[in-house]
>>> print(open('model-v3.csv').read())   # CSV, C-alpha atoms
chain,number,residue,atom,x,y,z
A,1,MET,CA,0.8,33.3,-1.2
A,2,ASP,CA,2.2,35.1,1.8
A,3,LEU,CA,4.9,34.2,4.4
A,4,ILE,CA,3.5,34.9,7.9
A,5,LYS,CA,4.4,34.1,11.5
A,6,VAL,CA,1.9,32.2,13.6
A,7,PRO,CA,1.9,31.0,17.2
A,8,VAL,CA,1.8,27.2,17.4
A,9,ASP,CA,-1.4,27.4,19.4
A,10,LYS,CA,-3.1,29.1,16.4
A,11,LEU,CA,-2.2,26.3,14.0
A,12,LEU,CA,-5.0,23.7,13.7
A,13,LEU,CA,-4.2,20.2,12.6
A,14,ASP,CA,-6.1,19.0,9.6
A,15,PRO,CA,-8.7,16.4,10.7
A,16,ASN,CA,-9.2,15.3,7.1
A,17,ASN,CA,-5.5,15.0,6.4
A,18,TYR,CA,-5.0,12.1,4.0
A,19,ARG,CA,-2.3,10.6,6.3
A,20,LEU,CA,-5.2,9.8,8.7
A,21,ARG,CA,-7.7,8.4,6.3
A,22,GLY,CA,-6.3,4.9,6.5
A,23,GLU,CA,-6.8,4.9,10.3
A,24,GLN,CA,-9.6,2.8,11.6
A,25,ASN,CA,-10.8,5.7,13.8
A,26,TYR,CA,-10.8,8.3,11.0
A,27,LYS,CA,-14.0,10.4,10.7
A,28,TYR,CA,-14.7,13.2,8.2
A,29,VAL,CA,-14.9,16.6,9.9
A,30,GLU,CA,-16.8,19.5,8.4
A,31,GLU,CA,-14.8,22.8,8.1
A,32,LYS,CA,-16.9,24.5,10.7
A,33,SER,CA,-15.9,21.9,13.3
A,34,VAL,CA,-12.2,21.9,12.6
A,35,ASN,CA,-11.3,24.1,15.5
A,36,ASN,CA,-13.3,22.1,18.0
A,37,VAL,CA,-11.1,21.2,21.0
A,38,MET,CA,-12.1,17.6,21.0
A,39,VAL,CA,-11.5,17.2,17.3
A,40,GLN,CA,-8.0,18.7,17.6
A,41,LYS,CA,-7.2,16.4,20.6
A,42,ARG,CA,-8.3,13.4,18.5
A,43,VAL,CA,-6.3,14.4,15.5
A,44,LEU,CA,-3.2,15.0,17.6
A,45,LYS,CA,-3.5,11.6,19.2
A,46,MET,CA,-3.9,9.9,15.8
A,47,LEU,CA,-0.9,11.8,14.4
A,48,LYS,CA,1.3,11.0,17.4
A,49,GLY,CA,0.5,7.3,17.5
A,50,ASP,CA,0.9,5.1,20.6
A,51,ASN,CA,3.7,6.6,22.8
A,52,SER,CA,4.4,9.2,20.1
A,53,SER,CA,5.7,6.4,17.9
A,54,ASN,CA,4.6,8.1,14.6
A,55,ILE,CA,6.5,11.3,15.3
A,56,LYS,CA,9.5,9.9,17.3
A,57,ASP,CA,11.9,10.7,14.4
A,58,LEU,CA,10.8,14.4,14.5
A,59,LEU,CA,10.9,14.6,18.3
A,60,ASP,CA,14.4,13.3,18.4
A,61,SER,CA,15.5,15.6,15.5
A,62,PHE,CA,14.0,18.7,17.0
A,63,LYS,CA,15.5,18.0,20.4
A,64,GLU,CA,18.9,17.3,18.9
A,65,ASN,CA,19.1,19.9,16.0
A,66,GLY,CA,16.4,22.4,16.8
A,67,TYR,CA,13.7,23.3,14.2
A,68,LEU,CA,15.3,23.2,10.8
A,69,LYS,CA,13.2,24.9,8.1
A,70,ILE,CA,13.7,22.4,5.3
A,71,ASP,CA,10.2,22.5,3.8
A,72,ASN,CA,7.5,25.2,4.2
A,73,ILE,CA,4.5,24.6,6.4
A,74,ILE,CA,1.5,25.5,4.3
A,75,VAL,CA,-1.7,26.8,5.9
A,76,LYS,CA,-5.0,28.3,4.9
A,77,ASN,CA,-7.4,30.6,6.8
A,78,VAL,CA,-10.3,29.3,8.8
A,79,GLY,CA,-12.8,31.2,11.0
A,80,LYS,CA,-12.3,34.7,12.3
A,81,LYS,CA,-9.9,34.0,15.2
A,82,LYS,CA,-6.8,34.2,13.1
A,83,GLU,CA,-6.5,30.5,13.3
A,84,TYR,CA,-5.0,28.5,10.4
A,85,VAL,CA,-5.5,24.9,9.2
A,86,VAL,CA,-2.3,23.1,8.3
A,87,VAL,CA,-2.4,22.0,4.7
A,88,GLU,CA,1.1,20.6,4.5
A,89,GLY,CA,3.3,19.9,7.6
A,90,ASN,CA,0.8,18.3,10.0
A,91,ARG,CA,3.4,15.9,11.5
A,92,ARG,CA,5.9,18.8,12.1
A,93,VAL,CA,3.2,20.9,13.7
A,94,ALA,CA,2.0,18.0,15.8
A,95,THR,CA,5.5,17.5,17.0
A,96,LEU,CA,5.8,21.1,18.0
A,97,LYS,CA,2.6,20.9,19.9
A,98,VAL,CA,3.8,17.9,21.9
A,99,LEU,CA,7.1,19.7,22.6
A,100,LYS,CA,5.2,22.8,23.7
A,101,GLU,CA,3.2,20.7,26.2
A,102,LEU,CA,6.5,19.3,27.6
A,103,TYR,CA,8.0,22.8,27.9
A,104,ASP,CA,4.9,24.2,29.6
A,105,ASP,CA,5.2,21.3,32.1
A,106,GLY,CA,8.8,22.2,32.8
A,107,MET,CA,10.3,19.3,30.9
A,108,GLU,CA,13.4,19.4,28.8
A,109,ILE,CA,13.1,20.0,25.1
A,110,GLY,CA,16.8,19.7,24.2
A,111,ASN,CA,18.2,22.2,21.7
A,112,LEU,CA,14.8,23.4,20.5
A,113,ASP,CA,14.4,27.2,20.9
A,114,PRO,CA,11.1,27.7,22.9
A,115,GLY,CA,10.7,31.0,21.1
A,116,ILE,CA,9.4,29.1,18.1
A,117,PHE,CA,6.2,28.3,20.1
A,118,ASP,CA,5.3,32.1,19.9
A,119,GLY,CA,5.7,32.3,16.2
A,120,ILE,CA,6.7,30.0,13.4
A,121,ASP,CA,7.1,31.0,9.7
A,122,VAL,CA,4.3,29.5,7.6
A,123,VAL,CA,3.1,30.0,4.0
A,124,LEU,CA,-0.5,31.3,3.8
A,125,TYR,CA,-2.0,29.8,0.7
A,126,ASP,CA,-5.4,30.7,-0.7
A,127,VAL,CA,-6.1,27.2,-2.0
A,128,GLY,CA,-9.3,25.6,-3.3
A,129,ASP,CA,-10.2,21.9,-2.9
A,130,LYS,CA,-8.8,20.9,-6.3
A,131,GLU,CA,-5.5,22.7,-5.8
A,132,TYR,CA,-5.2,21.2,-2.3
A,133,GLU,CA,-5.6,17.7,-3.7
A,134,ILE,CA,-2.9,18.4,-6.3
A,135,ILE,CA,-0.5,19.8,-3.8
A,136,MET,CA,-1.0,16.7,-1.6
A,137,GLY,CA,-0.5,14.5,-4.7
A,138,LEU,CA,2.7,16.2,-5.7
A,139,ARG,CA,4.1,15.8,-2.2
A,140,HIS,CA,2.9,12.3,-1.3
A,141,VAL,CA,2.0,10.4,-4.4
A,142,SER,CA,4.7,11.3,-6.9
A,143,GLY,CA,6.9,13.1,-4.4
A,144,ILE,CA,9.6,11.8,-2.1
A,145,LYS,CA,7.3,11.4,1.0
A,146,GLU,CA,4.9,8.8,-0.2
A,147,TRP,CA,1.7,8.0,1.7
A,148,GLY,CA,0.5,4.4,1.9
A,149,ASP,CA,-1.5,2.7,-0.8
A,150,TYR,CA,-4.9,3.7,0.6
A,151,GLU,CA,-4.2,7.4,1.0
A,152,GLN,CA,-2.7,7.6,-2.6
A,153,SER,CA,-5.7,5.8,-4.1
A,154,GLU,CA,-8.2,7.9,-2.3
A,155,LEU,CA,-6.6,11.2,-3.4
A,156,ILE,CA,-6.6,10.1,-7.0
A,157,SER,CA,-10.2,9.0,-6.6
A,158,ASN,CA,-11.1,12.5,-5.4
A,159,LEU,CA,-9.4,14.1,-8.4
A,160,ALA,CA,-11.3,11.8,-10.7
A,161,ARG,CA,-14.7,11.8,-9.2
A,162,LYS,CA,-15.0,15.1,-7.3
A,163,HIS,CA,-13.0,17.3,-9.6
A,164,LYS,CA,-13.9,15.4,-12.9
A,165,MET,CA,-10.2,15.0,-14.0
A,166,ASN,CA,-9.5,12.3,-16.5
A,167,PHE,CA,-6.6,9.9,-16.4
A,168,ARG,CA,-4.3,12.1,-18.5
A,169,ASP,CA,-5.0,15.2,-16.5
A,170,ILE,CA,-4.2,13.5,-13.2
A,171,SER,CA,-1.1,11.9,-14.7
A,172,GLU,CA,0.2,15.2,-15.9
A,173,SER,CA,-0.8,17.1,-12.7
A,174,LEU,CA,1.0,14.6,-10.4
A,175,GLY,CA,3.8,13.6,-12.7
A,176,ILE,CA,3.0,9.8,-12.6
A,177,SER,CA,2.1,7.4,-15.4
A,178,VAL,CA,-1.5,7.0,-16.7
A,179,GLN,CA,-1.1,3.3,-15.9
A,180,LYS,CA,-0.4,4.0,-12.3
A,181,VAL,CA,-3.3,6.4,-12.1
A,182,LYS,CA,-5.7,3.7,-13.4
A,183,ARG,CA,-4.3,1.1,-11.0
A,184,ARG,CA,-4.6,3.5,-8.0
A,185,LEU,CA,-8.2,4.4,-9.0
A,186,ASN,CA,-9.2,0.8,-9.5
A,187,THR,CA,-7.7,-0.1,-6.2
A,188,TYR,CA,-9.9,2.5,-4.5
A,189,TYR,CA,-13.0,1.2,-6.3
A,190,ALA,CA,-12.2,-2.4,-5.3
A,191,LEU,CA,-11.7,-1.4,-1.6
A,192,GLU,CA,-15.1,0.4,-1.7
A,193,ILE,CA,-16.7,-2.8,-2.9
A,194,PHE,CA,-15.2,-4.8,0.0
A,195,ARG,CA,-16.1,-2.1,2.5
A,196,ASN,CA,-19.7,-2.0,1.4
A,197,ASP,CA,-20.1,-5.8,1.4
A,198,PRO,CA,-22.7,-6.9,3.9
A,199,ASP,CA,-20.8,-10.0,5.0
A,200,TYR,CA,-17.1,-8.8,4.8
A,201,GLY,CA,-17.3,-5.0,5.2
A,202,GLU,CA,-17.0,-5.2,9.0
A,203,HIS,CA,-13.4,-6.4,8.5
A,204,PHE,CA,-12.4,-3.4,6.4
A,205,ILE,CA,-9.1,-2.0,7.7
A,206,PRO,CA,-7.7,0.3,5.0
A,207,ASN,CA,-4.0,0.2,6.0
A,208,LYS,CA,-4.1,-3.6,6.1
A,209,LEU,CA,-6.1,-4.3,2.9
A,210,SER,CA,-5.0,-1.5,0.6
A,211,SER,CA,-1.6,-2.9,-0.3
A,212,ILE,CA,-3.2,-6.3,-1.0
A,213,PHE,CA,-5.9,-4.8,-3.3
A,214,TYR,CA,-3.2,-2.7,-5.0
A,215,GLU,CA,-1.4,-5.9,-5.9
A,216,ILE,CA,-4.7,-7.6,-7.0
A,217,MET,CA,-5.5,-4.7,-9.4
A,218,GLY,CA,-2.0,-5.1,-10.9
A,219,LYS,CA,-2.3,-8.8,-11.7
A,220,ALA,CA,-4.3,-9.3,-14.9
A,221,GLU,CA,-4.6,-13.1,-14.2
A,222,ILE,CA,-6.6,-12.3,-11.1
A,223,ARG,CA,-8.2,-9.0,-11.9
A,224,ASP,CA,-9.3,-9.7,-15.5
A,225,GLN,CA,-9.2,-13.4,-16.0
A,226,TRP,CA,-10.5,-14.7,-12.7
A,227,LEU,CA,-12.5,-11.7,-11.3
A,228,ASP,CA,-13.6,-10.3,-14.6
A,229,TRP,CA,-13.0,-6.6,-13.8
A,230,ASN,CA,-15.2,-4.2,-15.8
A,231,GLY,CA,-13.5,-0.8,-16.2
A,232,GLU,CA,-16.6,1.0,-17.2
A,233,LEU,CA,-18.7,-0.2,-14.3
A,234,ASN,CA,-15.8,-0.2,-11.9
A,235,THR,CA,-16.8,-3.6,-10.5
A,236,PHE,CA,-16.0,-7.3,-10.6
A,237,LEU,CA,-18.5,-9.2,-12.8
A,238,ASN,CA,-17.6,-12.6,-11.4
A,239,LYS,CA,-19.3,-12.2,-8.1
A,240,GLY,CA,-18.8,-15.8,-7.0
A,241,ASN,CA,-15.0,-15.5,-7.4
A,242,MET,CA,-15.1,-12.0,-5.8
A,243,ARG,CA,-16.7,-13.3,-2.7
A,244,ARG,CA,-14.4,-16.3,-2.6
A,245,LEU,CA,-11.5,-13.9,-2.7
A,246,PHE,CA,-13.0,-11.8,0.1
A,247,SER,CA,-13.4,-14.8,2.3
A,248,TRP,CA,-9.6,-15.4,2.0
A,249,LEU,CA,-9.0,-11.9,3.4
A,250,VAL,CA,-10.9,-12.2,6.7
A,251,PRO,CA,-10.6,-14.3,9.8
A,252,TYR,CA,-12.4,-17.7,9.7
A,253,GLU,CA,-14.1,-19.6,12.5
A,254,ASP,CA,-13.7,-23.4,12.2
A,255,GLU,CA,-16.1,-26.1,13.4
A,256,ASP,CA,-14.6,-26.0,16.9
A,257,GLY,CA,-15.2,-22.3,17.2
A,258,LYS,CA,-11.5,-21.5,16.9
A,259,LEU,CA,-10.9,-18.2,15.1
A,260,LEU,CA,-8.2,-18.7,12.3
A,261,ASP,CA,-6.2,-15.9,10.7
A,262,PRO,CA,-7.1,-14.9,7.1
A,263,ILE,CA,-5.5,-17.0,4.4
A,264,ILE,CA,-4.0,-13.9,2.7
A,265,THR,CA,-2.4,-11.3,5.0
A,266,LYS,CA,0.2,-9.6,2.8
A,267,ARG,CA,0.7,-8.4,-0.8
A,268,ASP,CA,3.5,-10.9,-1.6
A,269,GLU,CA,0.9,-13.7,-1.2
A,270,ILE,CA,-1.1,-12.2,-4.1
A,271,ARG,CA,1.9,-12.5,-6.3
A,272,GLU,CA,2.1,-16.2,-5.5
A,273,LEU,CA,-1.7,-16.6,-5.9
A,274,ALA,CA,-1.5,-15.2,-9.4
A,275,LYS,CA,0.7,-18.2,-10.4
A,276,PHE,CA,-2.1,-20.7,-9.8
A,277,ILE,CA,-5.3,-18.7,-9.7
A,278,THR,CA,-6.8,-20.7,-12.7
A,279,ASP,CA,-5.9,-24.1,-11.1
A,280,GLU,CA,-9.1,-25.1,-9.2
A,281,ASN,CA,-7.5,-28.0,-7.4
A,282,ALA,CA,-4.8,-25.6,-6.1
A,283,LEU,CA,-7.5,-23.2,-4.9
A,284,LEU,CA,-9.2,-26.1,-3.0
A,285,LYS,CA,-5.9,-26.9,-1.5
A,286,LEU,CA,-5.5,-23.3,-0.5
A,287,GLU,CA,-8.8,-23.3,1.4
A,288,GLU,CA,-8.0,-26.7,3.0
A,289,SER,CA,-4.5,-25.9,4.1
A,290,ARG,CA,-5.1,-22.1,4.6
A,291,SER,CA,-1.6,-21.6,3.1
A,292,VAL,CA,-0.7,-20.0,-0.1
A,293,GLY,CA,2.7,-21.7,0.0
A,294,VAL,CA,1.2,-25.2,0.3
A,295,ALA,CA,-1.2,-24.5,-2.6
A,296,LEU,CA,1.6,-23.1,-4.8
A,297,GLU,CA,3.8,-26.2,-4.3
A,298,GLU,CA,0.9,-28.5,-5.3
A,299,SER,CA,-0.4,-26.5,-8.2
A,300,GLU,CA,-0.4,-28.3,-11.5
A,301,VAL,CA,-0.2,-25.0,-13.4
A,302,TYR,CA,2.8,-23.9,-11.4
A,303,SER,CA,4.5,-27.3,-11.8
A,304,LYS,CA,4.1,-27.1,-15.6
A,305,GLU,CA,5.7,-23.6,-15.6
A,306,GLY,CA,8.4,-24.8,-13.3
A,307,PHE,CA,9.2,-27.7,-15.6
A,308,LYS,CA,9.4,-25.3,-18.6
A,309,ASN,CA,11.6,-22.9,-16.7
A,310,SER,CA,13.9,-25.8,-15.7
A,311,LEU,CA,14.2,-26.9,-19.4
A,312,ARG,CA,15.1,-23.4,-20.4
A,313,GLN,CA,17.8,-23.2,-17.7
A,314,ILE,CA,19.3,-26.5,-18.8
A,315,ILE,CA,19.6,-25.4,-22.4
A,316,LYS,CA,21.3,-22.2,-21.3
A,317,LEU,CA,23.8,-24.1,-19.2
A,318,LEU,CA,24.5,-26.6,-22.0
A,319,ASN,CA,25.2,-23.7,-24.4
A,320,LYS,CA,27.7,-22.3,-22.0
A,321,LEU,CA,29.7,-25.5,-21.6
A,322,ASN,CA,33.3,-25.2,-22.9
A,323,LEU,CA,34.0,-28.7,-24.2
A,324,GLY,CA,37.7,-27.8,-24.6
A,325,ALA,CA,38.0,-27.9,-20.8
A,326,LEU,CA,37.3,-31.7,-20.9
A,327,THR,CA,41.1,-32.4,-21.4
A,328,GLU,CA,41.8,-30.8,-18.0
A,329,LEU,CA,39.3,-32.6,-15.9
A,330,THR,CA,40.3,-34.7,-12.9
A,331,LYS,CA,39.2,-38.3,-12.3
A,332,ASP,CA,36.4,-37.0,-9.9
A,333,ASP,CA,35.2,-34.5,-12.5
A,334,LYS,CA,34.9,-37.2,-15.1
A,335,GLN,CA,32.9,-39.4,-12.7
A,336,ILE,CA,30.4,-36.5,-12.1
A,337,ILE,CA,30.0,-36.1,-15.9
A,338,ASN,CA,29.4,-39.8,-16.4
A,339,GLU,CA,26.7,-39.8,-13.7
A,340,MET,CA,25.1,-36.7,-15.4
A,341,LEU,CA,25.1,-38.4,-18.8
A,342,LYS,CA,23.5,-41.6,-17.3
A,343,LYS,CA,20.8,-39.4,-15.7
A,344,MET,CA,20.2,-37.6,-19.0
A,345,GLU,CA,19.8,-40.9,-20.9
A,346,THR,CA,17.2,-42.1,-18.3
A,347,GLN,CA,15.3,-38.8,-18.5
A,348,ASN,CA,15.5,-38.9,-22.3
A,349,ARG,CA,13.8,-42.3,-22.5
A,350,LEU,CA,11.1,-41.2,-20.1
A,351,ILE,CA,10.4,-37.9,-21.9
A,352,LYS,CA,10.2,-39.8,-25.3
A,353,LYS,CA,7.6,-42.2,-23.9
A,354,LEU,CA,5.5,-39.3,-22.5
A,355,MET,CA,5.6,-37.5,-25.9
A,356,GLU,CA,4.5,-40.5,-28.0
>>> encode(input="model-v3.csv", output="structure tokens")
Amino acid sequence: MDLIKVPVDKLLLDPNNYRLRGEQNYKYVEEKSVNNVMVQKRVLKMLKGDNSSNIKDLLDSFKENGYLKIDNIIVKNVGKKKEYVVVEGNRRVATLKVLKELYDDGMEIGNLDPGIFDGIDVVLYDVGDKEYEIIMGLRHVSGIKEWGDYEQSELISNLARKHKMNFRDISESLGISVQKVKRRLNTYYALEIFRNDPDYGEHFIPNKLSSIFYEIMGKAEIRDQWLDWNGELNTFLNKGNMRRLFSWLVPYEDEDGKLLDPIITKRDEIRELAKFITDENALLKLEESRSVGVALEESEVYSKEGFKNSLRQIIKLLNKLNLGALTELTKDDKQIINEMLKKMETQNRLIKKLME
């Protein structure tokens, strides 16, 4: 591992950077094509985002404060032209490339010293594929700069499948729990099933679906009870329910030809769905109303749980009552208590009839 100085133009952005893998336009690039001009242009565009929105924070910071070496940029050798692929620090390098273009065009770059374009300190790391995956995991799965659900799940999948690491090895290498490793891995397998589905795969958008599937694979009521997940085969055994779930995740064309939004569009709705996933009437209401909220309100299972929770809360409140305070009550307070007692007597009679 050596510290070297490299011109910004000789730093190649990594086209297989995990940060890009959740993008709809991502394509795997072989190492021999990494330095292709068109590949580099595409990667820079993806890293920048529309109107440089993905790196705006760094653009503003570099212009205001100059380049602050807080973390090392890690690179590895590629080809024979003294070019280096960025292993860690692609956003920072992309930002410097954008600022260099501005500077070359005579535009202002604030307090950034243009001398950095001629040589920036980087760490040259002779790293293999497995070590690369672990470095990325330490930085963006268990580290402070987390990727999205899809990128984390794909990296853990590579460690398990490509490098034959078991749950415990991955857990210890990345410093995360075995349970989280399993959930991330199961999420990736479930996403693959959706992506390869002949009817629904065309709607596969990693960054939109990954958080939803991560929630699904964390809910035993849905994953195990309703979808019948098999951990050895890494698949859902209940294909009927699986395809029903998939249909809730994609747009739907009604009888009038109007395209409706998916029933489920965010992970919070999976948490609500788990409360009534075994209530078939509620699921039919879900499909009729295309609203998780409406189905939840009408769910018999949820109503029973809500009733039980209400009873528990009432008991807690009664236990906390200080009867000694009754001597200090006003006339209005006593009227409220009398109304409450009448209501309790009525409810008591109804409950006794239902329990007979």
>>> closest_residue(input="model-v3.csv", among="A:Leu13, A:Leu124, A:Val43, A:Leu245", to="Arg92 in chain A", atoms="all atoms listed in the file")
A:Leu13
>>> residues_around(input="model-v3.csv", residues="range 51-68 of chain A", least_positions_apart="2", cutoff="6 Å", atoms="all atoms listed in the file", output="list of chain:residue names")
A:Lys48, A:Gly49, A:Ile70, A:Ile109, A:Gly110, A:Asn111, A:Leu112
>>> closest_residue(input="model-v3.csv", among="A:Val87, A:Val6, A:Met38, A:Ile315", to="Glu131 in chain A", atoms="all atoms listed in the file")
A:Val87
>>> residues_around(input="model-v3.csv", residues="Asn238 in chain A", least_positions_apart="2", cutoff="6 Å", atoms="all atoms listed in the file", output="PyMOL selection string")
chain A and resi 227-228+236+240-241
>>> closest_residue(input="model-v3.csv", among="A:Glu23, A:Glu172, A:Glu101, A:Glu108", to="Ser210 in chain A", atoms="all atoms listed in the file")
A:Glu23
>>> atom_distance(input="model-v3.csv", atom1="CA of Glu83 in chain A", atom2="CA of Val29 in chain A")
16.6 Å
>>> residues_around(input="model-v3.csv", residues="His163 in chain A", least_positions_apart="4", cutoff="12 Å", atoms="all atoms listed in the file", output="ChimeraX atom specification")
/A:128-134,155-159,167,169-170
>>> residues_around(input="model-v3.csv", residues="Ile263 in chain A", least_positions_apart="5", cutoff="12 Å", atoms="all atoms listed in the file", output="PyMOL selection string")
chain A and resi 244-252+269-270+273+283+285-295
>>> closest_residue(input="model-v3.csv", among="A:Lys5, A:Arg195, A:Lys182, A:Lys331", to="Ile116 in chain A", atoms="all atoms listed in the file")
A:Lys5
>>> closest_residue(input="model-v3.csv", among="A:Gln225, A:Asn207, A:Gln24, A:Asn234", to="Tyr189 in chain A", atoms="all atoms listed in the file")
A:Asn234
>>> closest_residue(input="model-v3.csv", among="A:Lys10, A:Lys45, A:Arg243, A:Lys76", to="Ile193 in chain A", atoms="all atoms listed in the file")
A:Arg243
>>> atom_distance(input="model-v3.csv", atom1="CA of Gln40 in chain A", atom2="CA of Leu12 in chain A")
7.0 Å
>>> decode(input="model-v3.csv", residues="range 205-224 of chain A", atoms="N, CA, C and O atoms", output="mmCIF file, in the first residue's frame")
data_model
loop_
_atom_site.group_PDB
_atom_site.id
_atom_site.type_symbol
_atom_site.label_atom_id
_atom_site.label_comp_id
_atom_site.auth_asym_id
_atom_site.auth_seq_id
_atom_site.Cartn_x
_atom_site.Cartn_y
_atom_site.Cartn_z
ATOM 1 N N ILE A 205 -36.994 -1.912 -10.785
ATOM 2 C CA ILE A 205 -36.196 -0.696 -10.567
ATOM 3 C C ILE A 205 -35.561 -0.839 -9.186
ATOM 4 O O ILE A 205 -36.235 -0.652 -8.162
ATOM 5 N N PRO A 206 -34.288 -1.211 -9.123
ATOM 6 C CA PRO A 206 -33.653 -1.568 -7.848
ATOM 7 C C PRO A 206 -33.864 -0.566 -6.726
ATOM 8 O O PRO A 206 -34.249 -0.936 -5.618
ATOM 9 N N ASN A 207 -33.603 0.710 -7.002
ATOM 10 C CA ASN A 207 -33.672 1.694 -5.921
ATOM 11 C C ASN A 207 -35.078 1.913 -5.392
ATOM 12 O O ASN A 207 -35.252 2.416 -4.287
ATOM 13 N N LYS A 208 -36.099 1.566 -6.183
ATOM 14 C CA LYS A 208 -37.470 1.725 -5.720
ATOM 15 C C LYS A 208 -37.966 0.489 -4.979
ATOM 16 O O LYS A 208 -38.757 0.587 -4.040
ATOM 17 N N LEU A 209 -37.513 -0.684 -5.397
ATOM 18 C CA LEU A 209 -38.037 -1.928 -4.843
ATOM 19 C C LEU A 209 -37.210 -2.497 -3.689
ATOM 20 O O LEU A 209 -37.726 -3.268 -2.885
ATOM 21 N N SER A 210 -35.930 -2.135 -3.621
ATOM 22 C CA SER A 210 -35.048 -2.786 -2.648
ATOM 23 C C SER A 210 -35.483 -2.547 -1.208
ATOM 24 O O SER A 210 -35.461 -3.473 -0.384
ATOM 25 N N SER A 211 -35.895 -1.330 -0.876
ATOM 26 C CA SER A 211 -36.299 -1.059 0.500
ATOM 27 C C SER A 211 -37.595 -1.800 0.837
ATOM 28 O O SER A 211 -37.797 -2.240 1.975
ATOM 29 N N ILE A 212 -38.474 -1.950 -0.154
ATOM 30 C CA ILE A 212 -39.728 -2.685 0.058
ATOM 31 C C ILE A 212 -39.434 -4.161 0.321
ATOM 32 O O ILE A 212 -39.972 -4.768 1.257
ATOM 33 N N PHE A 213 -38.560 -4.758 -0.500
ATOM 34 C CA PHE A 213 -38.231 -6.175 -0.298
ATOM 35 C C PHE A 213 -37.435 -6.388 0.988
ATOM 36 O O PHE A 213 -37.567 -7.432 1.635
ATOM 37 N N TYR A 214 -36.622 -5.404 1.365
ATOM 38 C CA TYR A 214 -35.886 -5.520 2.631
ATOM 39 C C TYR A 214 -36.876 -5.605 3.793
ATOM 40 O O TYR A 214 -36.674 -6.367 4.743
ATOM 41 N N GLU A 215 -37.950 -4.834 3.704
ATOM 42 C CA GLU A 215 -38.978 -4.868 4.747
ATOM 43 C C GLU A 215 -39.730 -6.191 4.710
ATOM 44 O O GLU A 215 -40.025 -6.779 5.757
ATOM 45 N N ILE A 216 -40.048 -6.673 3.512
ATOM 46 C CA ILE A 216 -40.749 -7.956 3.368
ATOM 47 C C ILE A 216 -39.950 -9.082 4.014
ATOM 48 O O ILE A 216 -40.487 -9.918 4.743
ATOM 49 N N MET A 217 -38.640 -9.098 3.747
ATOM 50 C CA MET A 217 -37.806 -10.185 4.262
ATOM 51 C C MET A 217 -37.512 -10.045 5.751
ATOM 52 O O MET A 217 -36.871 -10.911 6.344
ATOM 53 N N GLY A 218 -37.995 -8.974 6.349
ATOM 54 C CA GLY A 218 -37.866 -8.800 7.792
ATOM 55 C C GLY A 218 -39.163 -9.064 8.539
ATOM 56 O O GLY A 218 -39.205 -8.983 9.765
ATOM 57 N N LYS A 219 -40.225 -9.361 7.784
ATOM 58 C CA LYS A 219 -41.529 -9.614 8.400
ATOM 59 C C LYS A 219 -41.877 -11.100 8.284
ATOM 60 O O LYS A 219 -42.264 -11.573 7.218
ATOM 61 N N ALA A 220 -41.747 -11.825 9.387
ATOM 62 C CA ALA A 220 -41.983 -13.274 9.368
ATOM 63 C C ALA A 220 -43.412 -13.605 8.954
ATOM 64 O O ALA A 220 -43.654 -14.631 8.304
ATOM 65 N N GLU A 221 -44.385 -12.725 9.297
ATOM 66 C CA GLU A 221 -45.780 -12.986 8.934
ATOM 67 C C GLU A 221 -45.946 -13.068 7.421
ATOM 68 O O GLU A 221 -46.716 -13.882 6.910
ATOM 69 N N ILE A 222 -45.213 -12.214 6.713
ATOM 70 C CA ILE A 222 -45.302 -12.208 5.249
ATOM 71 C C ILE A 222 -44.327 -13.220 4.651
ATOM 72 O O ILE A 222 -44.703 -14.051 3.826
ATOM 73 N N ARG A 223 -43.071 -13.133 5.072
ATOM 74 C CA ARG A 223 -42.007 -13.962 4.478
ATOM 75 C C ARG A 223 -42.249 -15.455 4.685
ATOM 76 O O ARG A 223 -42.198 -16.239 3.726
ATOM 77 N N ASP A 224 -42.499 -15.855 5.921
ATOM 78 C CA ASP A 224 -42.604 -17.286 6.240
ATOM 79 C C ASP A 224 -44.040 -17.802 6.197
ATOM 80 O O ASP A 224 -44.306 -18.844 5.589
#
